[in-house]
Structure formats: C-alpha cells, structure tokens
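**Q** run.csv is reproduced below (CSV, C-alpha atoms and all ligand atoms).
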```csv
chain,number,residue,atom,x,y,z
A,1,MET,CA,4.9,-46.0,41.0
A,2,ASP,CA,6.0,-47.3,44.4
A,3,ILE,CA,4.5,-44.5,46.6
A,4,THR,CA,7.3,-44.7,49.1
A,5,LYS,CA,9.6,-43.4,46.3
A,6,HIS,CA,7.3,-40.4,45.7
A,7,PRO,CA,9.1,-37.0,46.2
A,8,ILE,CA,6.9,-36.1,49.1
A,9,PHE,CA,8.0,-39.1,51.1
A,10,GLN,CA,11.7,-38.5,50.7
A,11,PRO,CA,13.6,-37.5,53.9
A,12,LEU,CA,15.2,-34.1,54.4
A,13,GLN,CA,18.4,-33.6,56.4
A,14,TRP,CA,18.7,-30.3,58.1
A,15,PRO,CA,21.5,-29.3,60.5
A,16,GLY,CA,20.3,-30.6,63.8
A,17,HIS,CA,17.0,-32.0,62.5
A,18,SER,CA,16.1,-34.8,60.2
A,19,LEU,CA,12.6,-35.0,58.7
A,20,LYS,CA,11.3,-38.4,57.5
A,21,ASN,CA,9.3,-36.8,54.7
A,22,ARG,CA,8.4,-33.4,53.1
A,23,LEU,CA,5.0,-33.0,54.8
A,24,VAL,CA,4.4,-30.1,57.2
A,25,ILE,CA,1.3,-29.0,59.0
A,26,ALA,CA,0.4,-25.4,58.1
A,27,PRO,CA,-0.4,-23.1,61.0
A,28,MET,CA,-4.1,-23.1,61.7
A,29,SER,CA,-5.8,-21.0,64.4
A,30,ARG,CA,-8.2,-23.1,66.3
A,31,VAL,CA,-9.7,-20.8,68.9
A,32,SER,CA,-9.3,-23.6,71.5
A,33,ALA,CA,-6.9,-22.4,74.2
A,34,THR,CA,-8.2,-21.2,77.6
A,35,SER,CA,-9.4,-17.6,77.9
A,36,GLU,CA,-5.9,-16.9,79.5
A,37,GLY,CA,-4.2,-18.2,76.3
A,38,LEU,CA,-3.1,-21.5,77.7
A,39,ALA,CA,-2.7,-24.6,75.6
A,40,THR,CA,-4.9,-27.5,76.6
A,41,ALA,CA,-5.0,-31.3,76.6
A,42,GLU,CA,-7.4,-31.2,73.7
A,43,MET,CA,-4.8,-29.2,71.8
A,44,GLY,CA,-2.2,-31.8,72.7
A,45,ASN,CA,-4.4,-34.6,71.2
A,46,TYR,CA,-5.1,-32.4,68.1
A,47,TYR,CA,-1.4,-31.7,67.4
A,48,ALA,CA,-0.2,-35.2,68.2
A,49,ALA,CA,-2.7,-36.7,65.7
A,50,PHE,CA,-0.8,-35.0,62.9
A,51,ALA,CA,2.5,-36.4,64.0
A,52,LYS,CA,1.0,-39.9,64.5
A,53,GLY,CA,-0.7,-39.6,61.1
A,54,GLY,CA,2.7,-39.2,59.4
A,55,PHE,CA,3.5,-35.5,59.2
A,56,SER,CA,7.2,-34.8,59.9
A,57,MET,CA,6.9,-31.1,61.0
A,58,ILE,CA,4.1,-29.2,62.7
A,59,ILE,CA,3.8,-25.5,62.7
A,60,THR,CA,1.3,-24.4,65.4
A,61,GLU,CA,-1.4,-21.8,65.1
A,62,GLY,CA,-0.3,-18.2,65.7
A,63,ASN,CA,0.6,-17.4,69.3
A,64,TYR,CA,0.2,-13.9,70.6
A,65,THR,CA,3.3,-12.2,71.7
A,66,ASP,CA,2.4,-9.5,74.1
A,67,GLU,CA,-0.6,-8.4,76.3
A,68,ILE,CA,-0.8,-4.9,74.7
A,69,ALA,CA,-2.3,-5.3,71.3
A,70,SER,CA,-1.1,-8.6,69.7
A,71,LYS,CA,-4.1,-10.8,70.3
A,72,GLY,CA,-6.0,-11.8,67.2
A,73,TYR,CA,-9.0,-13.5,68.7
A,74,PRO,CA,-10.4,-14.9,72.0
A,75,HIS,CA,-9.1,-18.3,73.0
A,76,GLN,CA,-5.9,-17.8,71.1
A,77,PRO,CA,-2.8,-19.4,72.7
A,78,GLY,CA,-0.1,-17.0,73.9
A,79,LEU,CA,3.6,-17.3,74.6
A,80,ILE,CA,4.1,-14.3,76.8
A,81,SER,CA,4.9,-15.9,80.2
A,82,SER,CA,6.4,-19.0,81.7
A,83,VAL,CA,2.8,-20.1,82.5
A,84,HIS,CA,2.1,-20.2,78.8
A,85,ALA,CA,5.4,-22.1,78.1
A,86,ALA,CA,4.5,-24.6,80.8
A,87,ALA,CA,1.0,-25.1,79.2
A,88,TRP,CA,2.6,-25.8,75.8
A,89,LYS,CA,5.3,-28.2,77.2
A,90,PRO,CA,3.1,-31.3,77.4
A,91,VAL,CA,1.7,-30.6,73.9
A,92,VAL,CA,5.2,-30.4,72.5
A,93,GLU,CA,6.3,-33.6,74.3
A,94,GLN,CA,3.2,-35.4,73.1
A,95,VAL,CA,4.0,-34.4,69.5
A,96,LYS,CA,7.6,-35.4,69.8
A,97,THR,CA,6.7,-38.9,71.0
A,98,HIS,CA,5.7,-39.6,67.3
A,99,GLY,CA,9.0,-38.3,65.9
A,100,ALA,CA,7.9,-35.0,64.4
A,101,ILE,CA,9.4,-31.6,65.0
A,102,ILE,CA,7.2,-28.8,66.2
A,103,ILE,CA,7.5,-25.1,65.6
A,104,ALA,CA,5.6,-22.3,67.4
A,105,GLN,CA,4.2,-19.6,65.1
A,106,LEU,CA,4.5,-16.1,66.6
A,107,MET,CA,1.9,-13.7,65.5
A,108,HIS,CA,0.9,-10.1,66.2
A,109,ALA,CA,-2.5,-9.3,64.6
A,110,GLY,CA,-1.9,-5.6,64.2
A,111,ALA,CA,-4.9,-3.9,62.5
A,112,LEU,CA,-6.6,-7.2,61.9
A,113,SER,CA,-7.5,-8.1,65.4
A,114,GLN,CA,-10.9,-9.8,65.8
A,115,TYR,CA,-10.5,-9.2,69.5
A,116,SER,CA,-9.8,-5.5,70.1
A,117,GLN,CA,-11.0,-2.2,69.0
A,118,ASP,CA,-7.7,-0.6,70.1
A,119,THR,CA,-5.4,-1.8,67.4
A,120,LEU,CA,-1.9,-0.9,66.3
A,121,ALA,CA,-0.5,-0.7,62.8
A,122,PRO,CA,2.5,0.9,61.1
A,123,SER,CA,0.1,3.6,59.8
A,124,ALA,CA,-3.4,4.7,60.7
A,125,ILE,CA,-5.1,3.0,57.7
A,126,GLN,CA,-8.4,1.2,58.2
A,127,PRO,CA,-8.3,-2.3,56.9
A,128,GLY,CA,-10.9,-3.2,54.2
A,129,GLY,CA,-13.4,-6.0,54.7
A,130,VAL,CA,-15.2,-7.1,57.8
A,131,LYS,CA,-14.1,-9.1,60.9
A,132,MET,CA,-14.3,-13.0,60.7
A,133,ALA,CA,-17.3,-14.4,62.5
A,134,GLN,CA,-15.7,-17.8,63.1
A,135,TYR,CA,-13.0,-16.1,65.2
A,136,GLY,CA,-15.6,-14.1,67.2
A,137,GLY,CA,-15.4,-10.9,65.2
A,138,THR,CA,-18.3,-8.7,64.0
A,139,GLY,CA,-18.4,-5.5,62.0
A,140,ALA,CA,-15.7,-3.4,60.4
A,141,TYR,CA,-12.1,-3.3,61.5
A,142,PRO,CA,-11.4,-0.1,63.5
A,143,PHE,CA,-8.9,2.6,62.5
A,144,PRO,CA,-5.6,1.5,64.1
A,145,LYS,CA,-3.2,3.8,65.9
A,146,ALA,CA,0.0,4.5,64.0
A,147,MET,CA,2.8,2.9,66.0
A,148,SER,CA,5.4,5.1,67.8
A,149,LEU,CA,9.0,4.0,67.9
A,150,GLU,CA,8.3,3.0,71.5
A,151,ASP,CA,5.4,0.8,70.3
A,152,ILE,CA,7.7,-0.8,67.8
A,153,ASN,CA,10.2,-1.6,70.5
A,154,THR,CA,7.5,-3.2,72.7
A,155,VAL,CA,6.4,-5.4,69.8
A,156,LYS,CA,10.0,-6.5,69.1
A,157,ASN,CA,10.5,-7.3,72.7
A,158,GLY,CA,7.3,-9.3,72.7
A,159,PHE,CA,8.4,-11.5,69.8
A,160,VAL,CA,11.8,-12.1,71.4
A,161,ASN,CA,10.2,-12.9,74.8
A,162,ALA,CA,7.8,-15.3,73.0
A,163,ALA,CA,10.7,-17.0,71.3
A,164,THR,CA,12.3,-17.5,74.7
A,165,GLY,CA,9.0,-19.0,75.9
A,166,ALA,CA,9.0,-21.4,72.9
A,167,LEU,CA,12.5,-22.5,73.7
A,168,GLU,CA,11.5,-23.1,77.4
A,169,ALA,CA,8.4,-25.1,76.2
A,170,GLY,CA,10.7,-27.4,74.2
A,171,PHE,CA,9.7,-26.2,70.7
A,172,ASP,CA,12.2,-26.9,67.9
A,173,GLY,CA,11.9,-23.3,66.7
A,174,VAL,CA,9.6,-20.4,65.9
A,175,GLU,CA,8.0,-19.1,62.7
A,176,LEU,CA,7.5,-15.3,62.6
A,177,HIS,CA,4.2,-14.5,60.9
A,178,ILE,CA,5.0,-12.0,58.3
A,179,ALA,CA,2.1,-13.0,56.1
A,180,ASN,CA,-1.7,-12.9,55.5
A,181,GLY,CA,-2.0,-9.2,56.4
A,182,TYR,CA,-1.0,-9.3,60.1
A,183,LEU,CA,1.3,-6.8,61.7
A,184,LEU,CA,4.7,-7.7,60.3
A,185,ASP,CA,3.1,-8.0,56.8
A,186,GLN,CA,1.4,-4.6,57.3
A,187,PHE,CA,4.9,-3.2,57.7
A,188,LEU,CA,6.0,-4.9,54.6
A,189,THR,CA,3.1,-3.9,52.4
A,190,PRO,CA,3.5,-0.5,50.7
A,191,GLU,CA,-0.2,0.3,50.7
A,192,LEU,CA,-0.5,-0.3,54.5
A,193,ASN,CA,2.8,1.3,55.5
A,194,ILE,CA,3.2,5.0,54.7
A,195,ARG,CA,5.7,5.8,57.4
A,196,GLU,CA,8.4,8.2,56.7
A,197,ASP,CA,10.9,7.0,59.4
A,198,GLN,CA,13.3,4.1,59.2
A,199,TYR,CA,10.4,1.5,59.3
A,200,GLY,CA,8.7,2.9,56.1
A,201,GLY,CA,9.6,3.8,52.5
A,202,SER,CA,12.1,1.4,50.9
A,203,THR,CA,11.6,-2.4,51.0
A,204,SER,CA,14.6,-2.6,53.3
A,205,ASN,CA,13.0,-0.2,55.7
A,206,ARG,CA,9.6,-2.0,55.6
A,207,PHE,CA,11.4,-5.3,56.3
A,208,ARG,CA,13.5,-3.8,59.1
A,209,ILE,CA,11.2,-4.7,62.1
A,210,ALA,CA,11.3,-8.4,60.9
A,211,THR,CA,15.1,-8.3,60.5
A,212,GLU,CA,15.6,-6.8,64.0
A,213,ILE,CA,13.4,-9.4,65.5
A,214,ILE,CA,15.2,-12.3,63.7
A,215,GLN,CA,18.6,-10.9,64.8
A,216,ALA,CA,17.5,-10.4,68.4
A,217,ILE,CA,16.1,-14.0,68.6
A,218,ARG,CA,19.2,-15.4,66.9
A,219,ALA,CA,21.4,-13.7,69.6
A,220,ILE,CA,19.8,-15.6,72.5
A,221,VAL,CA,18.8,-19.1,71.2
A,222,PRO,CA,21.0,-22.2,70.6
A,223,ALA,CA,22.1,-23.0,67.1
A,224,HIS,CA,19.7,-25.9,66.6
A,225,PHE,CA,16.6,-23.7,67.4
A,226,LEU,CA,15.1,-22.9,64.0
A,227,ILE,CA,13.9,-19.4,63.1
A,228,GLY,CA,11.6,-19.4,60.2
A,229,ILE,CA,9.5,-16.7,58.5
A,230,ARG,CA,6.1,-16.9,56.8
A,231,LEU,CA,5.5,-14.6,53.8
A,232,SER,CA,2.6,-14.2,51.5
A,233,GLU,CA,1.1,-11.7,49.1
A,234,GLY,CA,-2.6,-12.4,49.9
A,235,LYS,CA,-4.2,-11.0,53.1
A,236,VAL,CA,-7.0,-12.6,55.1
A,237,ASN,CA,-9.1,-9.6,54.3
A,238,ASP,CA,-8.0,-9.5,50.6
A,239,LEU,CA,-7.0,-13.0,49.5
A,240,LYS,CA,-6.3,-11.9,45.9
A,241,TYR,CA,-3.8,-9.1,46.9
A,242,ARG,CA,-0.6,-9.3,44.8
A,243,TRP,CA,2.5,-7.1,45.0
A,244,LYS,CA,2.0,-4.2,42.6
A,245,ASP,CA,5.4,-4.7,41.0
A,246,GLY,CA,5.1,-8.5,40.9
A,247,ALA,CA,8.3,-10.4,40.7
A,248,ALA,CA,10.4,-7.2,41.2
A,249,MET,CA,8.9,-6.6,44.6
A,250,ALA,CA,9.2,-10.3,45.5
A,251,VAL,CA,12.9,-10.2,44.7
A,252,GLU,CA,13.4,-7.1,46.9
A,253,VAL,CA,11.6,-8.7,49.8
A,254,LEU,CA,13.6,-11.9,49.4
A,255,GLU,CA,16.9,-10.0,49.3
A,256,GLU,CA,16.0,-8.6,52.7
A,257,ALA,CA,15.0,-12.1,53.9
A,258,ARG,CA,18.4,-13.5,52.6
A,259,LYS,CA,20.3,-10.8,54.6
A,260,ALA,CA,18.2,-11.5,57.8
A,261,ALA,CA,19.1,-15.2,57.3
A,262,PRO,CA,16.2,-17.2,58.8
A,263,ASP,CA,16.5,-21.0,58.7
A,264,PHE,CA,13.4,-21.5,56.6
A,265,ILE,CA,11.0,-19.4,54.5
A,266,HIS,CA,7.4,-20.5,54.2
A,267,ILE,CA,5.5,-19.0,51.3
A,268,ALA,CA,1.7,-19.0,52.1
A,269,VAL,CA,-1.0,-19.1,49.5
A,270,GLN,CA,-4.1,-18.9,51.8
A,271,SER,CA,-6.5,-19.2,48.9
A,272,GLY,CA,-5.2,-22.7,48.1
A,273,GLU,CA,-4.8,-21.6,44.5
A,274,TRP,CA,-1.0,-22.0,44.3
A,275,GLU,CA,-0.6,-21.6,40.5
A,276,ARG,CA,-3.1,-18.7,40.2
A,277,ASP,CA,-1.8,-16.8,43.3
A,278,SER,CA,1.9,-17.3,43.4
A,279,PHE,CA,3.2,-17.1,39.8
A,280,TYR,CA,4.6,-14.0,38.1
A,281,SER,CA,4.4,-13.0,34.5
A,282,ASN,CA,8.0,-14.2,33.9
A,283,GLY,CA,6.8,-17.7,34.8
A,284,THR,CA,8.5,-18.1,38.2
A,285,SER,CA,6.8,-18.6,41.5
A,286,TYR,CA,7.3,-16.7,44.8
A,287,ALA,CA,8.5,-20.0,46.4
A,288,ALA,CA,11.0,-20.6,43.5
A,289,LEU,CA,12.4,-17.1,43.8
A,290,ALA,CA,12.8,-17.6,47.6
A,291,LYS,CA,14.7,-20.8,46.9
A,292,GLN,CA,17.0,-19.2,44.2
A,293,ILE,CA,17.6,-16.0,46.2
A,294,THR,CA,18.1,-17.3,49.7
A,295,GLY,CA,19.2,-20.9,49.3
A,296,LYS,CA,17.3,-21.7,52.5
A,297,VAL,CA,14.8,-24.5,53.2
A,298,ILE,CA,11.6,-23.3,51.5
A,299,ILE,CA,8.1,-24.5,52.4
A,300,ALA,CA,5.4,-24.1,49.8
A,301,ASN,CA,1.7,-23.8,50.7
A,302,GLY,CA,-1.7,-23.6,49.0
A,303,GLY,CA,-3.6,-26.8,48.1
A,304,MET,CA,-0.5,-29.0,48.4
A,305,HIS,CA,-2.7,-32.0,49.2
A,306,GLN,CA,-3.2,-32.3,45.4
A,307,LEU,CA,-0.5,-34.8,44.5
A,308,THR,CA,0.2,-33.5,41.0
A,309,ARG,CA,0.8,-30.0,42.3
A,310,ALA,CA,2.9,-31.3,45.2
A,311,THR,CA,5.0,-33.4,42.8
A,312,ARG,CA,5.6,-30.4,40.6
A,313,VAL,CA,6.6,-28.2,43.5
A,314,ILE,CA,9.3,-30.6,44.6
A,315,GLU,CA,10.5,-31.8,41.2
A,316,GLU,CA,10.7,-28.3,39.7
A,317,SER,CA,12.6,-27.0,42.8
A,318,HIS,CA,10.0,-24.5,43.9
A,319,ALA,CA,10.3,-25.7,47.5
A,320,ASP,CA,11.8,-28.4,49.7
A,321,LEU,CA,8.8,-28.9,52.0
A,322,LEU,CA,5.0,-28.7,51.5
A,323,SER,CA,2.6,-27.4,54.2
A,324,ILE,CA,-0.9,-28.7,54.2
A,325,GLY,CA,-3.8,-26.9,56.0
A,326,LYS,CA,-7.4,-27.8,55.5
A,327,ALA,CA,-6.9,-31.3,54.1
A,328,ALA,CA,-4.9,-32.2,57.3
A,329,LEU,CA,-7.5,-30.6,59.5
A,330,ALA,CA,-10.1,-32.9,57.9
A,331,ASP,CA,-7.9,-35.9,58.2
A,332,PRO,CA,-4.7,-35.7,60.4
A,333,ALA,CA,-3.6,-39.1,59.0
A,334,TRP,CA,-3.4,-37.8,55.5
A,335,PRO,CA,0.2,-39.0,54.9
A,336,SER,CA,-0.6,-42.5,56.1
A,337,HIS,CA,-3.7,-42.7,53.8
A,338,ILE,CA,-1.6,-41.7,50.8
A,339,LEU,CA,1.0,-44.3,51.8
A,340,ASN,CA,-1.6,-47.0,52.3
A,341,GLY,CA,-3.6,-46.2,49.2
A,342,THR,CA,-6.7,-45.4,51.3
A,343,SER,CA,-8.8,-42.3,50.9
A,344,PRO,CA,-8.4,-39.5,53.4
A,345,LEU,CA,-11.5,-37.8,54.6
A,346,ALA,CA,-11.9,-34.7,52.5
A,347,PHE,CA,-12.3,-31.2,54.0
A,348,HIS,CA,-15.7,-29.6,54.2
A,349,PRO,CA,-16.3,-25.9,55.0
A,350,ASP,CA,-18.8,-27.0,57.8
A,351,MET,CA,-15.7,-28.3,59.7
A,352,LEU,CA,-14.9,-24.6,60.4
A,353,TRP,CA,-18.3,-23.1,60.5
A,354,PRO,CA,-19.9,-21.5,62.4
A,355,GLU,CA,-16.8,-21.8,64.6
A,356,ALA,CA,-13.2,-22.8,64.0
A,357,THR,CA,-12.7,-24.7,67.3
A,358,ILE,CA,-11.2,-28.2,67.5
A,359,ARG,CA,-14.3,-29.4,69.3
A,360,HIS,CA,-16.6,-28.2,66.5
A,361,THR,CA,-14.4,-29.9,63.8
A,362,ASN,CA,-14.5,-33.1,65.7
A,363,GLN,CA,-18.2,-32.9,66.2
A,364,VAL,CA,-18.8,-32.4,62.5
A,365,ILE,CA,-16.6,-35.3,61.6
A,366,LYS,CA,-18.2,-37.6,64.3
A,367,SER,CA,-21.7,-36.6,63.2
A,368,ASN,CA,-20.9,-38.2,59.8
A,369,HIS,CA,-20.1,-41.4,61.7
A,370,ILE,CA,-16.4,-41.2,60.9
A,371,ASN,CA,-13.9,-42.6,63.4
A,372,ILE,CA,-11.4,-39.9,64.2
A,373,SER,CA,-9.7,-41.5,67.2
A,401,LIG,C1,-8.8,-22.7,60.2
A,401,LIG,C2,-7.6,-22.0,59.6
A,401,LIG,C3,-6.8,-21.2,60.5
A,401,LIG,C4,-5.6,-20.6,60.0
A,401,LIG,N1,-4.8,-19.9,60.8
A,401,LIG,C5,-3.6,-19.5,60.4
A,401,LIG,C6,-2.6,-19.0,61.3
A,401,LIG,O1,-2.8,-19.0,62.6
A,401,LIG,N2,-1.5,-18.6,60.8
A,401,LIG,C7,-1.2,-18.6,59.5
A,401,LIG,O2,-0.1,-18.2,59.1
A,401,LIG,N3,-2.1,-19.1,58.6
A,401,LIG,C8,-3.2,-19.6,59.0
A,401,LIG,N4,-4.1,-20.2,58.1
A,401,LIG,C9,-3.7,-20.4,56.7
A,401,LIG,C10,-3.1,-21.8,56.5
A,401,LIG,O3,-1.9,-21.9,57.1
A,401,LIG,C11,-2.9,-22.1,55.0
A,401,LIG,O4,-2.1,-21.0,54.4
A,401,LIG,C12,-4.2,-22.1,54.2
A,401,LIG,O5,-5.1,-23.0,54.8
A,401,LIG,C13,-3.9,-22.7,52.8
A,401,LIG,O6,-3.4,-24.0,52.8
A,401,LIG,P1,-4.3,-25.2,52.4
A,401,LIG,O7,-4.7,-25.0,51.0
A,401,LIG,O8,-3.5,-26.4,52.5
A,401,LIG,O9,-5.5,-25.3,53.3
A,401,LIG,C14,-5.3,-20.8,58.6
A,401,LIG,C15,-6.1,-21.5,57.8
A,401,LIG,C16,-7.2,-22.1,58.3
A,401,LIG,C17,-8.1,-23.0,57.3
```
As structure tokens, what does this structure read like?
**A**
Amino acid sequence: MDITKHPIFQPLQWPGHSLKNRLVIAPMSRVSATSEGLATAEMGNYYAAFAKGGFSMIITEGNYTDEIASKGYPHQPGLISSVHAAAWKPVVEQVKTHGAIIIAQLMHAGALSQYSQDTLAPSAIQPGGVKMAQYGGTGAYPFPKAMSLEDINTVKNGFVNAATGALEAGFDGVELHIANGYLLDQFLTPELNIREDQYGGSTSNRFRIATEIIQAIRAIVPAHFLIGIRLSEGKVNDLKYRWKDGAAMAVEVLEEARKAAPDFIHIAVQSGEWERDSFYSNGTSYAALAKQITGKVIIANGGMHQLTRATRVIEESHADLLSIGKAALADPAWPSHILNGTSPLAFHPDMLWPEATIRHTNQVIKSNHINIS
C-alpha cells in the first residue's frame, strides 16, 4: 500500500483549522519548566520537534491553573498570569512555524498532587497508591480537604483565567484534563465523589463543574479557539480502574459531554492497552461511544503507534484522530519515519527514569549514540 494513502495520513478539516494528518501528540508532563512554572527554550525545541517530525496537532503537558492547590509537581508549567502566557508565546510560535496546531492542557491535580500535602478534592477520601518518584513525590498521598462551594468557584475561575492566558499566548485552544484521576475526574468518579450537593450524586451533578468551566470559557473566547476535554476510566494511581456500570456509565458521561458541547473529546488509555482497557461487554469502545453520542471530533489514545490498531480505530470509526505519547517522546519524527519507511527509535522506560525531564530523555537517547537533533 502507498503509505501516503494510509488512513493516519489523511487530512482533517475542522472549522477554522485544517490538519494535514490524524497524528496528535498526547499530553506528557516533563517536569522541565522553571520553578516559577515558566516555559523555557528547551521546551520550545522539544515541542517544535514534534511539529517538524510530522505531527499535525500538539497537546501540551498539563498546566496548573491556580496558585492555591492545582500544582501537580515541581517544575510544572502554569498558565495563571500574563508572565506565564509570555513564556509560552515563543514556544507556540516555534511550533506553528512547522504548520501544526497547539493546544494547552489545563490541569488541576486535586488529591493527586506530588507537590503539596494540602490537597483539595470533591470529598475527603485518601487516594490509594503512592506518589510518583519521577515527578518528585514520595510516600502516601495525604487526605485531601473536601472542597467548599467557595473552593469550587476558585477552581473554576482558575481554569477560565488559564484559558485566557492560553489565548494570550497564541494557543489554538485548551484541553480540560478530566482524566487520569486528577481533580475534574475525581468529581466525575462515583467512588471519589460522595458529595450531597449539586456537585455530587447523579452523573449530571458530578460533571457539573466541567460543564460550568466549558461554558464560562466559551463565553469569552473567539469561535476558532478550540475547547476540548480529556476523559478516561483509568487513574494514574489505578490504571485498571473501569466504570462500575461499564458502558451504561460511559453513555451517561458522554450525554453530559454532548450537552456541554466541547469541540473535541480525547479518550485516554494511559496503560497503552487500548483494546483491553477501553472496550465494554457489548463490543463497543469508549471512543466509539463518544463519536456516536456527541458527533464531535474524537481523539483515541493508548498505544496508537501500533499501525494495525491505529488503522482499525480510524476505519471502524472509533475516532478521527490518534494521540501518541511514549513512542513520540522516544522519536519526535515518528510520522516522518513511517512515511519514509525508516524505523523510529523505540521507547525505553529508562527515557523517563529516574526522572521524567526533557534533559534526562535527551541524555538517555544521546548516550546510545543516536542523533536527536
Ligand atoms: C511522561 C508522561 C507524562 C504524562 N503526562 C500527562 C499529562 O500531563 N496529562 C495527561 O492527560 N496525560 C499524561 N500522560 C498520559 C499520556 O498522555 C498517554 O495517555 C499515555 O502515555 C498513553 O499513550 P501512549 O500509549 O501513546 O504512550 C503522560 C504520559 C507520560 C508517559
């Protein structure tokens, strides 16, 4: 087969945006901003390499959204002030030189902060598992404080303010992190949210904070500025977590997403085991349900560098776009390699161990005498 005719290399027209292929960079936290949360020139080169290497859309690592309790780890980038926006601006410009669009992921760590012992969550439930060493965490997660309505307002304002910062920096949009067990996913997950007010109980109530954030951002940004959401079942501290009611719960969540009307929905499978961790007993996947129920642009994730899987996802209409994480981190020119018939450098866990910084990954790659420039 002529590889240029492969489904992953077909363009996608989107109102206001045109993507040359279906390949997206998945958000990956790289612990490489300054201690004040400012993006750096090293991050500019890192993100631009993906665009240069053939990816058409880049979603950044999660940016913290307020100074109170949103930070997940030291050296995380933030988008809480115009200083942060100014630091991202040259990175955004560098990426756009290569024709890709770039989306800022906005993230509140909630009870899963590696950074703080004073955490916030919908309910005072201690997360299972231990903190992640490669993000500077040690020991058990603390008991979070159950958020007051005032705390919820502060969080919402933080997200909206961060979206304004993203617009100021020139980003093409934002992705709200409602996945992987972080704050907005804690609200959505029945076992982590036992509130009895309007933010707990029904799925509609548990999705309410996300809906309110989407609507508030929508009210202040121009039409071409994309608002996406990232959903998952798995949590970083419990990768195999699945909704108790399976597809029935997924349908309820996606009905709420449809009403909130984001521009895209990104279904994350952090384990990389897409078939194992995203299908339901009725044979449908979370991504396919998202496509059927919302009719929005859907991004599938979870080992999408495997071409047979990627082909199936597009051809069977599970999703429109594919986000790639670790394989792209190992080789930012992954799309060019596939087009040219050359082998991309494969991911190795040492690239993220003992730390997940850009510098460390580059050192591991260089020490194997591989040219990464
Ligand atoms: C180093 C690293 C950092 C990550 N950071 C984030 C993040 O900031 N936000 C997020 O939503 N997912 C994050 N993820 C999850 C990825 O976006 C993706 O879901 C996961 O790597 C599975 O995709 P893959 O099989 O293509 O690697 C991270 C993954 C890795 C490997």
**Q** Taking 5 positions as the minimum chain separation for residues in the same chain, which residues sit within 10 Å of Lys259 of chain A when counting only C-alpha atoms? Answer as a list in words.
**A** Thr211, Leu254 and Thr294 of chain A
**Q** Limited to C-alpha atoms, could you put the picked residues into a file as a PDB file, in the frame of the given file?
**A**
```pdb
ATOM      1  CA  THR A 211      15.100  -8.300  60.500  1.00  0.00           C
ATOM      2  CA  LEU A 254      13.600 -11.900  49.400  1.00  0.00           C
ATOM      3  CA  THR A 294      18.100 -17.300  49.700  1.00  0.00           C
TER       4      THR A 294
END
```
**Q** Name the closest residue to Ser148 of chain A among the candidates A:Ser232, A:Gln117, A:Ser35, A:Ser123; distances are taken between atoms, counting all atoms listed in the file.
**A**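 Going through A:Ser232, A:Gln117, A:Ser35, A:Ser123 one by one, the smallest distance to Ser148 of chain A is for A:Ser123.
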**Q** Leaving out segment 78-89 of chain A and any residue of its chain fewer than 3 positions from it, which residues lie within 10 Å of it when counting only C-alpha atoms, given as a VMD selection string?
**A** chain A and resid 33 to 34 36 to 41 43 to 44 62 to 67 70 to 71 75 92 to 95 104 to 107 158 to 171
**Q** What gap, in Å, lies between atom CA of Ile299 of chain A and atom CA of Met1 of chain A?
**A** 24.5 Å
**Q** Of the candidates A:Pro27, A:Pro335, A:Gly228, A:Pro190, which one gets nearest to ligand LIG 401 (chain A) if we count all atoms listed in the file?
**A**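 The closest residue to ligand LIG 401 (chain A) is A:Pro27.
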**Q** Could you jot down the atom CA of Glu275 of chain A to atom C13 of ligand LIG 401 (chain A) separation for me, Å, one decimal place?
**A**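 So the two atoms, atom CA of Glu275 of chain A and atom C13 of ligand LIG 401 (chain A), lie 12.8 Å apart.
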**Q** Taking a cut-off of 6 Å and counting only C-alpha atoms and all ligand atoms, can you build a table that, for each residue of chain A near ligand LIG 401 (chain A), reports the nearest atom pair and how far apart they are in Å (one decimal), sorted by chain then residue number, as a Markdown table?
**A**
```
| residue | atom | partner | partner_atom | distance |
| --- | --- | --- | --- | --- |
| A:Ala26 | CA | A:LIG401 | O3 | 4.3 |
| A:Pro27 | CA | A:LIG401 | O3 | 4.3 |
| A:Met28 | CA | A:LIG401 | C4 | 3.4 |
| A:Ser29 | CA | A:LIG401 | N1 | 3.9 |
| A:Glu61 | CA | A:LIG401 | O1 | 4.0 |
| A:Gly62 | CA | A:LIG401 | O1 | 4.1 |
| A:His177 | CA | A:LIG401 | O2 | 6.0 |
| A:Ala268 | CA | A:LIG401 | O4 | 4.9 |
| A:Val269 | CA | A:LIG401 | O4 | 5.4 |
| A:Gln270 | CA | A:LIG401 | O4 | 3.9 |
| A:Ser271 | CA | A:LIG401 | C13 | 5.8 |
| A:Gly272 | CA | A:LIG401 | O7 | 3.7 |
| A:Asn301 | CA | A:LIG401 | O6 | 5.5 |
| A:Gly302 | CA | A:LIG401 | O7 | 3.9 |
| A:Gly303 | CA | A:LIG401 | O7 | 3.6 |
| A:Met304 | CA | A:LIG401 | O8 | 5.7 |
| A:Ile324 | CA | A:LIG401 | O8 | 3.9 |
| A:Gly325 | CA | A:LIG401 | O8 | 3.5 |
| A:Lys326 | CA | A:LIG401 | O9 | 3.8 |
| A:Ala356 | CA | A:LIG401 | C1 | 5.8 |
```
**Q** Report, in Å with one decimal, the straight-line distance from atom CA of Tyr199 of chain A to atom CA of Ala124 of chain A.
**A**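 Here the two named atoms are 14.2 Å from each other.
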